[in-house]
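Listing of final.txt, compact mmCIF, C-alpha atoms and all ligand atoms
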```txt
# COMPACT_ATOMS: atom_id res chain seq x y z
CA MET A 1 17.77 109.01 85.23
CA SER A 2 19.40 105.90 86.73
CA THR A 3 22.45 104.35 85.05
CA ALA A 4 20.39 101.21 84.30
CA THR A 5 17.73 103.24 82.44
CA MET A 6 20.40 105.12 80.48
CA GLU A 7 22.00 101.84 79.41
CA LYS A 8 18.61 100.47 78.38
CA SER A 9 17.77 103.45 76.17
CA ALA A 10 21.21 103.65 74.47
CA ALA A 11 20.85 102.96 70.74
CA PRO A 12 22.56 99.75 69.60
CA ALA A 13 25.71 100.32 67.60
CA ALA A 14 25.01 100.28 63.86
CA PRO A 15 26.58 97.28 62.11
CA GLU A 16 29.77 98.21 60.31
CA SER A 17 30.01 97.92 56.57
CA PHE A 18 33.24 97.32 54.66
CA THR A 19 34.40 97.18 51.07
CA VAL A 20 34.87 93.80 49.45
CA THR A 21 36.54 93.34 46.09
CA VAL A 22 34.69 90.75 44.04
CA ILE A 23 36.44 89.51 40.91
CA ILE A 24 34.05 87.83 38.50
CA ARG A 25 34.88 85.75 35.44
CA ARG A 26 32.76 87.42 32.76
CA PHE A 27 31.83 86.08 29.34
CA ASP A 28 29.47 87.60 26.82
CA PRO A 29 29.25 85.31 23.77
CA GLU A 30 28.22 88.27 21.58
CA VAL A 31 31.38 90.25 22.37
CA ASP A 32 34.07 88.08 23.96
CA ASP A 33 36.23 85.41 22.35
CA GLU A 34 37.44 84.28 25.79
CA PRO A 35 36.23 84.81 29.35
CA ARG A 36 37.82 87.75 31.19
CA TRP A 37 38.07 88.71 34.86
CA GLN A 38 36.43 91.94 36.06
CA ASP A 39 36.81 93.61 39.49
CA PHE A 40 33.99 95.22 41.45
CA ASP A 41 34.24 96.97 44.84
CA VAL A 42 31.08 96.39 46.87
CA GLU A 43 29.97 97.80 50.24
CA MET A 44 28.92 94.79 52.34
CA PHE A 45 27.99 93.72 55.87
CA ALA A 46 29.33 90.59 57.54
CA THR A 47 25.89 88.98 57.43
CA ASP A 48 25.55 89.49 53.67
CA ARG A 49 26.01 86.56 51.33
CA VAL A 50 27.86 86.30 48.04
CA LEU A 51 24.45 86.37 46.35
CA ASP A 52 23.83 89.79 47.94
CA ALA A 53 27.15 91.00 46.50
CA LEU A 54 26.10 89.81 43.03
CA HIS A 55 22.72 91.55 43.40
CA LYS A 56 24.42 94.80 44.45
CA ILE A 57 26.75 94.65 41.47
CA LYS A 58 23.89 93.91 39.07
CA TRP A 59 21.51 96.51 40.50
CA GLU A 60 24.01 99.30 41.19
CA GLN A 61 27.03 98.86 38.93
CA ASP A 62 26.50 96.62 35.91
CA GLY A 63 23.04 95.43 34.92
CA SER A 64 24.50 93.08 32.32
CA LEU A 65 25.97 90.73 34.94
CA SER A 66 24.19 87.40 34.44
CA PHE A 67 23.63 84.63 36.98
CA ARG A 68 20.86 82.28 38.02
CA ARG A 69 19.07 82.40 41.35
CA SER A 70 15.53 81.85 42.51
CA CYS A 71 14.76 80.99 46.14
CA ALA A 72 17.82 82.74 47.69
CA HIS A 73 17.60 80.28 50.60
CA GLY A 74 19.42 77.10 49.60
CA ILE A 75 16.38 75.23 48.28
CA CYS A 76 16.10 75.63 44.50
CA GLY A 77 19.71 74.76 43.64
CA SER A 78 20.04 77.34 40.88
CA ASP A 79 23.02 79.41 42.11
CA ALA A 80 25.86 76.90 42.37
CA MET A 81 29.11 78.61 41.36
CA ARG A 82 32.83 78.50 42.08
CA ILE A 83 33.64 80.87 44.91
CA ASN A 84 37.36 81.15 45.69
CA GLY A 85 37.90 77.94 43.71
CA ARG A 86 35.27 75.88 45.58
CA ASN A 87 31.80 74.95 44.43
CA ARG A 88 29.17 76.52 46.69
CA LEU A 89 25.71 78.06 46.60
CA ALA A 90 26.06 81.86 46.47
CA CYS A 91 22.96 82.21 48.66
CA LYS A 92 24.48 80.07 51.43
CA THR A 93 27.98 81.59 51.44
CA LEU A 94 28.33 84.33 54.02
CA ILE A 95 30.83 87.11 53.37
CA LYS A 96 32.09 86.79 56.97
CA ASP A 97 33.13 83.21 56.30
CA LEU A 98 35.47 84.28 53.47
CA ASP A 99 38.85 85.94 53.86
CA ILE A 100 37.85 89.46 52.82
CA THR A 101 41.38 90.81 53.20
CA LYS A 102 41.75 89.28 49.75
CA PRO A 103 39.44 89.59 46.74
CA VAL A 104 36.60 87.09 46.41
CA TYR A 105 36.81 85.22 43.10
CA VAL A 106 33.53 84.09 41.53
CA GLU A 107 33.18 82.03 38.36
CA ALA A 108 30.79 79.59 36.72
CA ILE A 109 30.87 75.90 37.65
CA LYS A 110 33.19 73.80 35.48
CA GLY A 111 32.57 71.00 33.01
CA LEU A 112 29.35 72.35 31.45
CA PRO A 113 29.19 74.68 28.41
CA LEU A 114 29.53 78.33 29.46
CA GLU A 115 26.62 80.44 28.20
CA LYS A 116 27.11 83.85 29.80
CA ASP A 117 29.02 85.08 32.88
CA LEU A 118 27.99 82.68 35.70
CA ILE A 119 25.43 80.78 33.64
CA VAL A 120 26.18 77.37 32.15
CA ASP A 121 24.08 75.10 29.96
CA MET A 122 22.61 72.59 32.43
CA GLU A 123 21.11 70.35 29.75
CA PRO A 124 23.91 67.70 29.72
CA PHE A 125 23.55 67.50 33.52
CA PHE A 126 19.78 66.98 33.36
CA GLU A 127 20.14 64.52 30.48
CA SER A 128 22.19 62.19 32.73
CA TYR A 129 19.69 62.74 35.53
CA ARG A 130 16.77 61.72 33.31
CA GLU A 131 18.62 58.65 32.03
CA VAL A 132 18.71 56.97 35.45
CA GLN A 133 14.90 57.06 35.74
CA PRO A 134 14.62 59.26 38.85
CA PHE A 135 11.04 58.31 39.62
CA LEU A 136 9.20 55.47 41.35
CA VAL A 137 8.48 52.45 39.14
CA ALA A 138 6.14 49.94 40.79
CA ALA A 139 5.17 46.64 39.19
CA SER A 140 1.75 46.53 40.81
CA ALA A 141 -0.87 49.02 41.89
CA PRO A 142 -1.34 49.60 45.63
CA LYS A 143 -4.43 48.08 47.22
CA GLU A 144 -7.44 50.25 46.50
CA GLY A 145 -7.56 53.22 48.80
CA LYS A 146 -4.25 52.24 50.45
CA GLU A 147 -0.79 53.76 50.41
CA ARG A 148 2.40 51.84 49.80
CA ILE A 149 3.51 51.30 53.38
CA GLN A 150 7.14 51.60 54.45
CA ASN A 151 8.61 51.10 57.91
CA VAL A 152 11.05 53.54 59.47
CA ALA A 153 14.15 51.50 58.59
CA GLN A 154 13.05 51.16 54.96
CA ARG A 155 12.53 54.93 54.70
CA GLU A 156 15.82 55.62 56.47
CA ARG A 157 17.69 53.52 53.90
CA PHE A 158 17.55 56.22 51.23
CA ASP A 159 16.91 59.29 53.38
CA ASP A 160 20.24 60.98 52.66
CA THR A 161 19.83 60.98 48.89
CA THR A 162 16.29 62.44 49.06
CA LYS A 163 17.90 65.75 50.05
CA CYS A 164 19.36 66.48 46.61
CA ILE A 165 18.34 69.84 45.09
CA LEU A 166 20.03 69.19 41.71
CA CYS A 167 22.40 72.12 42.03
CA ALA A 168 25.22 70.29 40.15
CA ALA A 169 27.86 71.39 42.68
CA CYS A 170 28.97 67.76 43.02
CA THR A 171 29.03 66.80 39.36
CA SER A 172 30.81 69.99 38.31
CA SER A 173 33.49 69.52 40.99
CA CYS A 174 34.38 66.04 39.72
CA PRO A 175 37.66 65.82 37.73
CA VAL A 176 36.35 62.79 35.82
CA PHE A 177 33.33 64.82 34.70
CA TRP A 178 35.60 67.70 33.59
CA THR A 179 37.59 65.43 31.32
CA ASP A 180 34.89 62.99 30.19
CA GLY A 181 31.69 64.63 29.01
CA GLN A 182 29.95 61.22 28.91
CA TYR A 183 30.29 60.30 32.62
CA PHE A 184 26.88 60.24 34.36
CA GLY A 185 28.38 62.19 37.27
CA PRO A 186 27.66 62.09 41.01
CA ALA A 187 24.27 63.84 40.99
CA ALA A 188 22.70 61.34 38.57
CA ILE A 189 24.04 58.45 40.69
CA VAL A 190 22.71 60.07 43.88
CA ASN A 191 19.26 60.30 42.31
CA ALA A 192 19.44 56.72 41.07
CA HIS A 193 20.41 55.67 44.62
CA ARG A 194 17.33 57.42 45.97
CA PHE A 195 15.09 54.97 44.03
CA ILE A 196 17.33 51.89 43.90
CA PHE A 197 17.11 51.60 47.70
CA ASP A 198 13.42 52.50 47.98
CA SER A 199 11.54 49.36 49.08
CA ARG A 200 8.47 50.43 47.06
CA ASP A 201 10.38 50.57 43.77
CA ASP A 202 10.69 47.60 41.38
CA ASN A 203 13.11 49.01 38.81
CA ALA A 204 16.45 48.82 40.64
CA ALA A 205 17.82 46.20 38.24
CA VAL A 206 17.27 48.50 35.25
CA ARG A 207 18.97 51.45 36.95
CA LEU A 208 21.87 49.28 38.11
CA ASP A 209 22.30 48.03 34.57
CA ILE A 210 22.35 51.62 33.25
CA LEU A 211 25.00 52.59 35.83
CA ASN A 212 27.10 49.49 35.12
CA ASP A 213 27.91 51.17 31.79
CA LYS A 214 31.50 52.22 31.05
CA GLU A 215 30.39 55.83 31.70
CA GLY A 216 28.59 54.81 34.90
CA VAL A 217 29.72 54.32 38.50
CA TRP A 218 33.02 52.66 37.59
CA ARG A 219 34.39 55.99 36.32
CA CYS A 220 34.30 57.32 39.90
CA ARG A 221 37.85 57.70 41.30
CA THR A 222 36.70 58.38 44.88
CA THR A 223 38.27 61.83 45.09
CA PHE A 224 35.52 62.98 47.53
CA ASN A 225 35.25 66.38 45.75
CA CYS A 226 31.54 65.69 45.37
CA SER A 227 30.85 65.09 49.07
CA GLU A 228 32.83 68.20 50.00
CA ALA A 229 30.93 70.32 47.46
CA CYS A 230 27.40 69.22 48.36
CA PRO A 231 25.54 72.10 50.07
CA ARG A 232 23.03 69.60 51.48
CA GLY A 233 25.68 67.55 53.24
CA ILE A 234 24.81 64.40 51.28
CA GLN A 235 27.42 61.66 51.55
CA VAL A 236 27.73 61.53 47.79
CA THR A 237 30.82 59.30 47.59
CA GLN A 238 29.20 56.82 49.97
CA ALA A 239 26.03 56.73 47.84
CA ILE A 240 28.19 55.97 44.78
CA ALA A 241 29.97 53.19 46.72
CA GLU A 242 26.60 51.69 47.73
CA VAL A 243 25.44 51.65 44.12
CA LYS A 244 28.71 49.92 43.11
CA GLN A 245 28.10 47.27 45.78
CA ALA A 246 24.49 46.80 44.64
CA ILE A 247 25.74 46.21 41.07
CA MET A 248 28.14 43.53 42.31
CA ARG A 249 25.87 41.87 44.90
CA GLY A 250 22.37 42.90 43.89
CA LYS A 251 19.99 45.22 45.74
CA PRO A 252 20.12 44.26 49.45
S1 LIG B 1 24.07 65.67 45.56
FE1 LIG B 1 24.37 67.65 46.59
S2 LIG B 1 25.83 68.75 45.29
FE2 LIG B 1 25.00 67.06 44.06
S3 LIG B 1 23.31 67.97 42.91
FE3 LIG B 1 22.45 67.04 44.79
S4 LIG B 1 22.43 68.73 46.30
FE4 LIG B 1 23.77 69.41 44.61
S1 LIG B 2 19.01 80.71 45.02
FE1 LIG B 2 17.96 78.84 45.42
S2 LIG B 2 19.54 77.58 46.24
FE2 LIG B 2 20.50 79.50 46.09
```
Could you write out this structure as structure tokens?
Ligand code: SF4
Ligand code: FES
Amino acid sequence: MSTATMEKSAAPAAPESFTVTVIIRRFDPEVDDEPRWQDFDVEMFATDRVLDALHKIKWEQDGSLSFRRSCAHGICGSDAMRINGRNRLACKTLIKDLDITKPVYVEAIKGLPLEKDLIVDMEPFFESYREVQPFLVAASAPKEGKERIQNVAQRERFDDTTKCILCAACTSSCPVFWTDGQYFGPAAIVNAHRFIFDSRDDNAAVRLDILNDKEGVWRCRTTFNCSEACPRGIQVTQAIAEVKQAIMRGKP
């Protein structure tokens, strides 16, 4: 057998696994007065994600571990959590991108009521979202059988904020939101922006009035935590700044 053939038939080296220590902030309202940290050692591969580590722990070590997830591919927005002190989606955080010489700390997002382990009550978040009227409001019906036409520039104007998956990573990374439960928060403003700058919408003035409230855009302190936390790469702070400008100068 030639050397070339031998090389071709050699089995590829199996990927190496390693042990990662995951420390999770646990809370069971039926048992615990306060949250507590619990360590788990998990056998992982570099291509695994933090969500895979949580699945392994739940399926192989402790079935009571509670967290939300659905799509597992960065689309549904249900698994935002604090990983090593930073808000991220567990399904988009690769183990190889973390420093696994140290434990990986995982806890629930901040600023929303803790329900169990990594699960928070999202209702206050969605309440603010609903308040900004995140839907198209048109004063007139389109011509019969016709669509509401938009040119490329008009569509581009609000493209960035259409990408929101309502994961709450931005809002729950905002220090103003942590200390003031009434603040609308970045995600609600992003979703207001998406319709305020839509040329087909006729309700911008109402949304701008809602966000001109003392708990609206003026609470933003431009710390940029929100933009850094957003798994969709939305320029959240810029969207908030554009809404502030629209309040002062009117919708452009
Ligand atoms: S703006 Fe980004 S971080 Fe905030 S809710 Fe939407 S997707 Fe999540
Ligand atoms: S599980 Fe859907 S975004 Fe992570």
Would you mind listing what lies within 10 Å of Val236 in chain A as a ChimeraX atom specification, with only C-alpha atoms counted and same-chain residues fewer than 4 positions away left out? /A:160-161,164,170,186-187,189-190,193,222,224-230,240-242
All residues within 12 Å of ligand LIG 2 (chain B) are required, counting only C-alpha atoms and all ligand atoms; please report them as a VMD selection string. chain A and resid 49 to 52 54 to 55 67 to 81 88 to 93 164 to 169 230 to 232
Residues near Gln154 in chain A, anyone? I mean within 12 Å using all atoms listed in the file, not counting same-chain ones fewer than 3 positions away, as a list in words. Arg148, Ile149, Gln150, Asn151, Arg157, Phe158, Asp159, Arg194, Phe195, Ile196, Phe197, Asp198, Ser199, Arg200, Asp201 and Pro252 of chain A
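Taking all atoms listed in the file into account, ligand LIG 1 (chain B) lies nearest to A:Ala239 out of the set A:Val217, A:Val132, A:Ala239, A:Val106.
With all atoms listed in the file as the basis for measurement, A:Phe125 is the residue among A:Trp59, A:Trp37, A:Phe18, A:Phe125 that approaches Gly111 in chain A most closely.
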From the set A:Tyr129, A:Tyr105, A:Tyr183, A:Trp218, which residue has the shortest atom-to-atom contact distance to ligand LIG 1 (chain B), counting all atoms listed in the file? A:Tyr129
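Using all atoms listed in the file, the shortest contact distance between Glu43 in chain A and any of A:Ala141, A:Glu30, A:Thr19, A:Leu114 is found at A:Thr19.
Of note, CA of Asn203 in chain A and CA of Glu127 in chain A are spaced 19.0 Å apart.
The two atoms in question, CA of Lys251 in chain A and CA of Ala139 in chain A, are spaced 16.3 Å apart.
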So, with only C-alpha atoms and all ligand atoms as the atoms that count, which of A:Ala188, A:Met122, A:Asp62, A:Gly145 lies closest to ligand LIG 1 (chain B)? A:Ala188
Using only C-alpha atoms and all ligand atoms for the distances, tell me which of A:Thr47, A:Ser173, A:Asn212, A:Ser64 is nearest to ligand LIG 1 (chain B). A:Ser173
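A straight line drawn from CA of Ala138 in chain A to CA of Arg207 in chain A is 13.5 Å long.
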Is there a way to complete range 33-53 of chain A with N, CA and C atoms and then write that out as a compact mmCIF listing (two decimals), in the coordinates of the input?
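Once everything was written out, this is selection_31.txt:
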```txt
# COMPACT_ATOMS: atom_id res chain seq x y z
N ASP A 33 35.73 86.68 22.88
CA ASP A 33 36.23 85.41 22.35
C ASP A 33 36.54 84.47 23.51
N GLU A 34 37.03 85.04 24.60
CA GLU A 34 37.44 84.28 25.79
C GLU A 34 36.85 84.94 27.02
N PRO A 35 36.65 84.17 28.10
CA PRO A 35 36.23 84.81 29.35
C PRO A 35 37.30 85.77 29.85
N ARG A 36 36.88 86.77 30.62
CA ARG A 36 37.82 87.75 31.19
C ARG A 36 37.40 88.04 32.62
N TRP A 37 38.37 88.42 33.45
CA TRP A 37 38.07 88.71 34.86
C TRP A 37 37.78 90.20 35.02
N GLN A 38 36.76 90.53 35.83
CA GLN A 38 36.43 91.94 36.06
C GLN A 38 36.27 92.19 37.55
N ASP A 39 36.87 93.27 38.05
CA ASP A 39 36.81 93.61 39.49
C ASP A 39 35.62 94.53 39.79
N PHE A 40 35.02 94.30 40.95
CA PHE A 40 33.99 95.22 41.45
C PHE A 40 34.24 95.45 42.94
N ASP A 41 34.18 96.69 43.40
CA ASP A 41 34.24 96.97 44.84
C ASP A 41 32.81 97.15 45.34
N VAL A 42 32.46 96.39 46.38
CA VAL A 42 31.08 96.39 46.87
C VAL A 42 31.06 96.66 48.37
N GLU A 43 30.14 97.51 48.81
CA GLU A 43 29.97 97.80 50.24
C GLU A 43 29.10 96.69 50.84
N MET A 44 29.64 95.96 51.80
CA MET A 44 28.92 94.79 52.34
C MET A 44 28.90 94.82 53.86
N PHE A 45 28.00 93.99 54.44
CA PHE A 45 27.99 93.72 55.87
C PHE A 45 28.39 92.26 56.07
N ALA A 46 28.85 91.96 57.27
CA ALA A 46 29.33 90.59 57.54
C ALA A 46 28.24 89.55 57.32
N THR A 47 26.99 89.94 57.56
CA THR A 47 25.89 88.98 57.43
C THR A 47 25.39 88.83 56.00
N ASP A 48 25.94 89.63 55.08
CA ASP A 48 25.55 89.49 53.67
C ASP A 48 26.12 88.19 53.10
N ARG A 49 25.53 87.78 52.00
CA ARG A 49 26.01 86.56 51.33
C ARG A 49 26.59 86.95 49.97
N VAL A 50 27.29 86.02 49.36
CA VAL A 50 27.86 86.30 48.04
C VAL A 50 26.74 86.65 47.06
N LEU A 51 25.57 86.03 47.23
CA LEU A 51 24.45 86.37 46.35
C LEU A 51 24.06 87.84 46.50
N ASP A 52 24.13 88.37 47.73
CA ASP A 52 23.83 89.79 47.94
C ASP A 52 24.85 90.67 47.21
N ALA A 53 26.12 90.23 47.22
CA ALA A 53 27.15 91.00 46.50
C ALA A 53 26.83 91.01 45.00
```
